[in-house]
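Step one of this worksheet: look at the structure below.
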Amino acid sequence: MITEVTILSGKGGTGKTSLTASFAALAGRAVIADCDVDAADLHLVLSPAVRERHAFRAGREACIVEDRCSGCGICYSACRFDALQGYEPADGGWKYRVDPWLCEGCGLCALLCPKSAVQLEQPVCGEWFISDTRFGPMVHARLHPGRENSGKLVAEVRRAARDIAGEREERLILSDGPPGIGCPVIASLSGASLAVAVCEPTVSGEHDLKRVAGLARHFGLPVFVVMNRADINREKSTEIRAAAEKQGTVWLGEIPFDPAVTRAQRKG
């Protein structure tokens with residue numbers, strides 16, 4: 001039986017990555033997954049040695065085969081995203097090409113092209129890695145700038161982590177989840193065993209905790225709460241704890257503010 005713990009927060013900067021790394025150190029033996037593929041930073045703390053590197057392809061993107069293009073301009077006229085650009089090739093004439101940053105992959109240009117010059121391809125949107133750390137194997141990823149489908153990449157990271165846990169007969173997966181409540185967070189929560197929500201003793205921290213805890217409960221997951229920097233506003237910490245326990249979440253503990261944490265991160 002594999003237990004998958006997903007560490008979440010309603011926004012970035014609350015300390016979930018630091019907590020994930022600390023849990024990994026305390027566990028001593030676990031599979032670690034960094035599911036924050038849009039802004040991955042767990043590798044900065046754990047210094048993984050990359051063992052495997054894989055390309056991640058997703059979505060659709062139009063590509064024009066120059067030899068087939070007659071320069072008729074039908075695709076250019078039909079595109080609502082201004083993703084087609086005309087140019088003059090070296091041998092003269094007129095051709096069109098696709099701006100990948102503007103193409104939405106709708107496929108209309110491929111449908112209308114009389115010469116079948118437009119092809120729809122799956123672009124490389126990022127990479128995912130299997131690495132070794134001093135606390136166990138780690139699966140992490142990097143989404144390329146401007147690319148989408150981060151939820152799908154999160155699912156790929158989790159799948160690889162589960163495969164490794166099964167092969168090595170590990171019983172614990174620690175997943176550093178993305179911030180917020182969007183698609184990547186949903187992809188990191190569905191099918192997990194439990195969620196640990198990290199919050200801060202502020203008004204916005206209380207609001208963010210309600211959102212992320214509500215999302216986790218939607219998937220039927222037990223929710224545990226860790227209050228980071230709890231002593232910077234003791235009154236608010238007590239208030240948030242009372243509200244969280246009233247909503248059925250488990251108060252896991254409090255972490256005081258201490259500059260030693262930052263110094264420890266700098267030293268790895």
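Chain labels A, B, ... are given in the sequence in which chains occur in the structure tokens; within each chain residues are numbered consecutively from 1, and ligands are likewise numbered from 1 in the order shown.
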Per residue of range 18-88 of chain A within 7 Å of range 129-142 of chain A, note the shortest atom pair and the distance in Å to one decimal, counting only C-alpha atoms, and order the rows by chain and increasing residue number, as JSON lines.
{"residue": "A:Ala24", "atom": "CA", "partner": "A:Phe135", "partner_atom": "CA", "distance": 6.0}
{"residue": "A:Ala25", "atom": "CA", "partner": "A:Phe135", "partner_atom": "CA", "distance": 6.0}
{"residue": "A:Gly28", "atom": "CA", "partner": "A:Phe135", "partner_atom": "CA", "distance": 5.6}
{"residue": "A:Arg29", "atom": "CA", "partner": "A:Gly136", "partner_atom": "CA", "distance": 5.8}
{"residue": "A:Ala30", "atom": "CA", "partner": "A:Gly136", "partner_atom": "CA", "distance": 5.7}
{"residue": "A:Val31", "atom": "CA", "partner": "A:Pro137", "partner_atom": "CA", "distance": 5.3}
{"residue": "A:Ile32", "atom": "CA", "partner": "A:Met138", "partner_atom": "CA", "distance": 4.5}
{"residue": "A:Ala33", "atom": "CA", "partner": "A:Val139", "partner_atom": "CA", "distance": 4.8}
{"residue": "A:Asp34", "atom": "CA", "partner": "A:His140", "partner_atom": "CA", "distance": 4.9}
{"residue": "A:Cys35", "atom": "CA", "partner": "A:His140", "partner_atom": "CA", "distance": 6.8}
{"residue": "A:Val37", "atom": "CA", "partner": "A:Arg142", "partner_atom": "CA", "distance": 5.3}
{"residue": "A:Asp38", "atom": "CA", "partner": "A:Arg142", "partner_atom": "CA", "distance": 6.7}
{"residue": "A:Ala40", "atom": "CA", "partner": "A:Arg142", "partner_atom": "CA", "distance": 6.7}
{"residue": "A:Leu46", "atom": "CA", "partner": "A:Thr133", "partner_atom": "CA", "distance": 6.3}
{"residue": "A:Ser47", "atom": "CA", "partner": "A:Thr133", "partner_atom": "CA", "distance": 6.8}
{"residue": "A:Pro48", "atom": "CA", "partner": "A:Thr133", "partner_atom": "CA", "distance": 4.8}
{"residue": "A:Ala49", "atom": "CA", "partner": "A:Asp132", "partner_atom": "CA", "distance": 5.2}
{"residue": "A:Val50", "atom": "CA", "partner": "A:Ser131", "partner_atom": "CA", "distance": 4.2}
{"residue": "A:Arg51", "atom": "CA", "partner": "A:Ser131", "partner_atom": "CA", "distance": 5.0}
{"residue": "A:Glu52", "atom": "CA", "partner": "A:Ile130", "partner_atom": "CA", "distance": 5.0}
{"residue": "A:Arg53", "atom": "CA", "partner": "A:Phe129", "partner_atom": "CA", "distance": 4.7}
{"residue": "A:His54", "atom": "CA", "partner": "A:Phe129", "partner_atom": "CA", "distance": 6.2}
Take the residues from that selection and put them in a file with N, CA and C atoms, as a JSON list (two decimals), in the first residue's frame.
[["chain", "number", "residue", "atom", "x", "y", "z"],
["A", 24, "ALA", "N", 10.90, 14.89, 3.64],
["A", 24, "ALA", "CA", 11.75, 13.90, 2.97],
["A", 24, "ALA", "C", 12.95, 13.54, 3.83],
["A", 25, "ALA", "N", 13.53, 14.55, 4.48],
["A", 25, "ALA", "CA", 14.67, 14.30, 5.36],
["A", 25, "ALA", "C", 14.26, 13.47, 6.56],
["A", 28, "GLY", "N", 13.45, 9.79, 5.51],
["A", 28, "GLY", "CA", 14.66, 9.00, 5.25],
["A", 28, "GLY", "C", 14.56, 8.13, 4.03],
["A", 29, "ARG", "N", 13.36, 7.65, 3.73],
["A", 29, "ARG", "CA", 13.17, 6.76, 2.59],
["A", 29, "ARG", "C", 11.78, 7.03, 2.01],
["A", 30, "ALA", "N", 11.76, 7.70, 0.89],
["A", 30, "ALA", "CA", 10.50, 8.03, 0.22],
["A", 30, "ALA", "C", 10.78, 8.37, -1.23],
["A", 31, "VAL", "N", 9.74, 8.35, -2.05],
["A", 31, "VAL", "CA", 9.83, 8.84, -3.42],
["A", 31, "VAL", "C", 9.32, 10.27, -3.41],
["A", 32, "ILE", "N", 10.07, 11.19, -3.98],
["A", 32, "ILE", "CA", 9.75, 12.61, -3.93],
["A", 32, "ILE", "C", 9.30, 13.06, -5.32],
["A", 33, "ALA", "N", 8.21, 13.83, -5.37],
["A", 33, "ALA", "CA", 7.70, 14.33, -6.65],
["A", 33, "ALA", "C", 7.48, 15.84, -6.54],
["A", 34, "ASP", "N", 8.07, 16.58, -7.45],
["A", 34, "ASP", "CA", 7.83, 18.03, -7.51],
["A", 34, "ASP", "C", 6.77, 18.29, -8.57],
["A", 35, "CYS", "N", 5.54, 18.53, -8.13],
["A", 35, "CYS", "CA", 4.42, 18.72, -9.05],
["A", 35, "CYS", "C", 4.20, 20.18, -9.43],
["A", 37, "VAL", "N", 5.25, 22.21, -11.71],
["A", 37, "VAL", "CA", 6.04, 22.19, -12.95],
["A", 37, "VAL", "C", 6.15, 23.56, -13.60],
["A", 38, "ASP", "N", 5.27, 24.50, -13.23],
["A", 38, "ASP", "CA", 5.33, 25.85, -13.79],
["A", 38, "ASP", "C", 6.49, 26.65, -13.19],
["A", 40, "ALA", "N", 9.13, 25.13, -10.75],
["A", 40, "ALA", "CA", 9.74, 24.11, -9.89],
["A", 40, "ALA", "C", 10.92, 24.68, -9.12],
["A", 46, "LEU", "N", 17.18, 20.18, -2.79],
["A", 46, "LEU", "CA", 17.61, 18.78, -2.72],
["A", 46, "LEU", "C", 18.78, 18.46, -3.65],
["A", 47, "SER", "N", 19.12, 19.34, -4.57],
["A", 47, "SER", "CA", 20.26, 19.15, -5.49],
["A", 47, "SER", "C", 20.26, 17.77, -6.13],
["A", 48, "PRO", "N", 19.23, 17.44, -6.89],
["A", 48, "PRO", "CA", 19.14, 16.09, -7.48],
["A", 48, "PRO", "C", 20.17, 15.87, -8.59],
["A", 49, "ALA", "N", 20.63, 14.63, -8.69],
["A", 49, "ALA", "CA", 21.50, 14.22, -9.79],
["A", 49, "ALA", "C", 20.62, 13.54, -10.84],
["A", 50, "VAL", "N", 20.48, 14.18, -12.00],
["A", 50, "VAL", "CA", 19.57, 13.69, -13.03],
["A", 50, "VAL", "C", 20.07, 12.36, -13.59],
["A", 51, "ARG", "N", 19.19, 11.37, -13.58],
["A", 51, "ARG", "CA", 19.51, 10.03, -14.09],
["A", 51, "ARG", "C", 18.82, 9.76, -15.44],
["A", 52, "GLU", "N", 17.60, 10.28, -15.60],
["A", 52, "GLU", "CA", 16.85, 10.11, -16.84],
["A", 52, "GLU", "C", 16.21, 11.44, -17.22],
["A", 53, "ARG", "N", 16.15, 11.70, -18.51],
["A", 53, "ARG", "CA", 15.55, 12.94, -19.03],
["A", 53, "ARG", "C", 14.58, 12.56, -20.15],
["A", 54, "HIS", "N", 13.35, 13.07, -20.06],
["A", 54, "HIS", "CA", 12.32, 12.72, -21.05],
["A", 54, "HIS", "C", 11.64, 13.99, -21.56]]
>> For range 190-193 of chain A, find every residue with an atom within 12 Å (counting only C-alpha atoms), except residues of its own chain fewer than 5 positions away, and show them as a PyMOL selection string.
In response: chain A and resi 1-7+151+154-155+158-159+162+171-175+177+183-185+215-224
>> So that I can check the secondary structure, give me every residue of range 59-267 of chain A assigned strand (DSSP E) by backbone DSSP, as a PyMOL selection string.
In response: chain A and resi 61-64+84-87+95-98+118-121+124-133+136-143+172-179+194-199+223-228+250-255
> Can you list every residue in range 37-193 of chain A that DSSP puts in alpha helix (DSSP H), as a ChimeraX atom specification?
Replying inline: /A:42-46,74-78,108-112,150-168,183-189
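All residues of protein, DNA or RNA that reach within 7 Å of Ala83 in chain A, judged by only C-alpha atoms and not counting those fewer than 5 positions away in the chain, are Val98, Asp99, Leu102 and Cys103 of chain A.
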>> Between CA of Val203 in chain A and CA of Asp176 in chain A, what distance in Å does the model show, to one decimal?
In response: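 Taking CA of Val203 in chain A and CA of Asp176 in chain A, their separation equals 23.7 Å.
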>> Would you pick out the contacts of range 115-120 of chain A at 12 Å or less, using only C-alpha atoms, so that residues sharing its chain but fewer than 2 positions from it are not included, and give the list as a ChimeraX atom specification?
In response: /A:58-76,84,95-98,100,103-113,122-123
Close residues, range 231-248 of chain A itself excluded, 9 Å, only C-alpha atoms, min 4 positions apart in chain, as a PDB file with N, CA and C atoms, in the first residue's frame:
ATOM      1  N   GLU A 200      -0.265  30.692   6.395  1.00  0.00           N
ATOM      2  CA  GLU A 200       0.376  31.717   7.217  1.00  0.00           C
ATOM      3  C   GLU A 200      -0.685  32.439   8.037  1.00  0.00           C
ATOM      4  N   PRO A 201      -0.327  33.010   9.193  1.00  0.00           N
ATOM      5  CA  PRO A 201      -1.312  33.670  10.050  1.00  0.00           C
ATOM      6  C   PRO A 201      -1.660  35.078   9.583  1.00  0.00           C
ATOM      7  N   THR A 202      -2.286  35.153   8.424  1.00  0.00           N
ATOM      8  CA  THR A 202      -2.715  36.431   7.855  1.00  0.00           C
ATOM      9  C   THR A 202      -4.144  36.292   7.347  1.00  0.00           C
ATOM     10  N   VAL A 203      -4.775  37.396   7.023  1.00  0.00           N
ATOM     11  CA  VAL A 203      -6.138  37.365   6.491  1.00  0.00           C
ATOM     12  C   VAL A 203      -6.170  36.608   5.160  1.00  0.00           C
ATOM     13  N   GLY A 205      -3.963  34.451   4.197  1.00  0.00           N
ATOM     14  CA  GLY A 205      -3.627  33.060   4.478  1.00  0.00           C
ATOM     15  C   GLY A 205      -4.842  32.256   4.893  1.00  0.00           C
ATOM     16  N   GLU A 206      -5.709  32.851   5.693  1.00  0.00           N
ATOM     17  CA  GLU A 206      -6.944  32.181   6.116  1.00  0.00           C
ATOM     18  C   GLU A 206      -7.851  31.920   4.919  1.00  0.00           C
ATOM     19  N   LEU A 209      -6.396  29.160   2.727  1.00  0.00           N
ATOM     20  CA  LEU A 209      -6.542  27.848   3.354  1.00  0.00           C
ATOM     21  C   LEU A 209      -7.942  27.290   3.133  1.00  0.00           C
ATOM     22  N   LYS A 210      -8.948  28.132   3.248  1.00  0.00           N
ATOM     23  CA  LYS A 210     -10.327  27.679   3.019  1.00  0.00           C
ATOM     24  C   LYS A 210     -10.502  27.163   1.600  1.00  0.00           C
ATOM     25  N   ALA A 213      -8.349  23.808   1.130  1.00  0.00           N
ATOM     26  CA  ALA A 213      -8.929  22.733   1.931  1.00  0.00           C
ATOM     27  C   ALA A 213     -10.257  22.276   1.341  1.00  0.00           C
ATOM     28  N   PRO A 222      -8.568  13.518   3.360  1.00  0.00           N
ATOM     29  CA  PRO A 222      -8.376  14.136   4.670  1.00  0.00           C
ATOM     30  C   PRO A 222      -7.376  15.286   4.546  1.00  0.00           C
ATOM     31  N   VAL A 223      -7.640  16.377   5.259  1.00  0.00           N
ATOM     32  CA  VAL A 223      -6.811  17.572   5.153  1.00  0.00           C
ATOM     33  C   VAL A 223      -6.126  17.846   6.496  1.00  0.00           C
ATOM     34  N   VAL A 225      -3.324  20.520   8.455  1.00  0.00           N
ATOM     35  CA  VAL A 225      -2.889  21.907   8.326  1.00  0.00           C
ATOM     36  C   VAL A 225      -1.604  22.138   9.111  1.00  0.00           C
ATOM     37  N   MET A 227       0.745  25.454  10.191  1.00  0.00           N
ATOM     38  CA  MET A 227       0.842  26.908  10.217  1.00  0.00           C
ATOM     39  C   MET A 227       2.313  27.300  10.224  1.00  0.00           C
ATOM     40  N   GLU A 254       2.633  23.708  14.232  1.00  0.00           N
ATOM     41  CA  GLU A 254       3.020  25.088  13.956  1.00  0.00           C
ATOM     42  C   GLU A 254       4.533  25.191  13.839  1.00  0.00           C
ATOM     43  N   ILE A 255       4.976  26.076  12.942  1.00  0.00           N
ATOM     44  CA  ILE A 255       6.409  26.311  12.744  1.00  0.00           C
ATOM     45  C   ILE A 255       6.671  27.786  13.040  1.00  0.00           C
ATOM     46  N   PRO A 256       7.542  28.097  13.984  1.00  0.00           N
ATOM     47  CA  PRO A 256       7.834  29.510  14.284  1.00  0.00           C
ATOM     48  C   PRO A 256       8.716  30.122  13.212  1.00  0.00           C
ATOM     49  N   PHE A 257       8.694  31.431  13.149  1.00  0.00           N
ATOM     50  CA  PHE A 257       9.599  32.129  12.228  1.00  0.00           C
ATOM     51  C   PHE A 257      11.017  32.055  12.785  1.00  0.00           C
TER      52      PHE A 257
END
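As for CA of Ala21 in chain A and CA of Ser204 in chain A, they are spaced 24.6 Å apart.
Among the candidate residues A:Gly126, A:Gly253, A:Pro259, A:Gly93, the one lying nearest to Cys199 in chain A is A:Gly253, with distances computed using only C-alpha atoms.
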> Mind pulling up the distance from CA of Glu127 in chain A to CA of Leu189 in chain A?
Replying inline: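 Between these atoms lies a distance of 21.1 Å.
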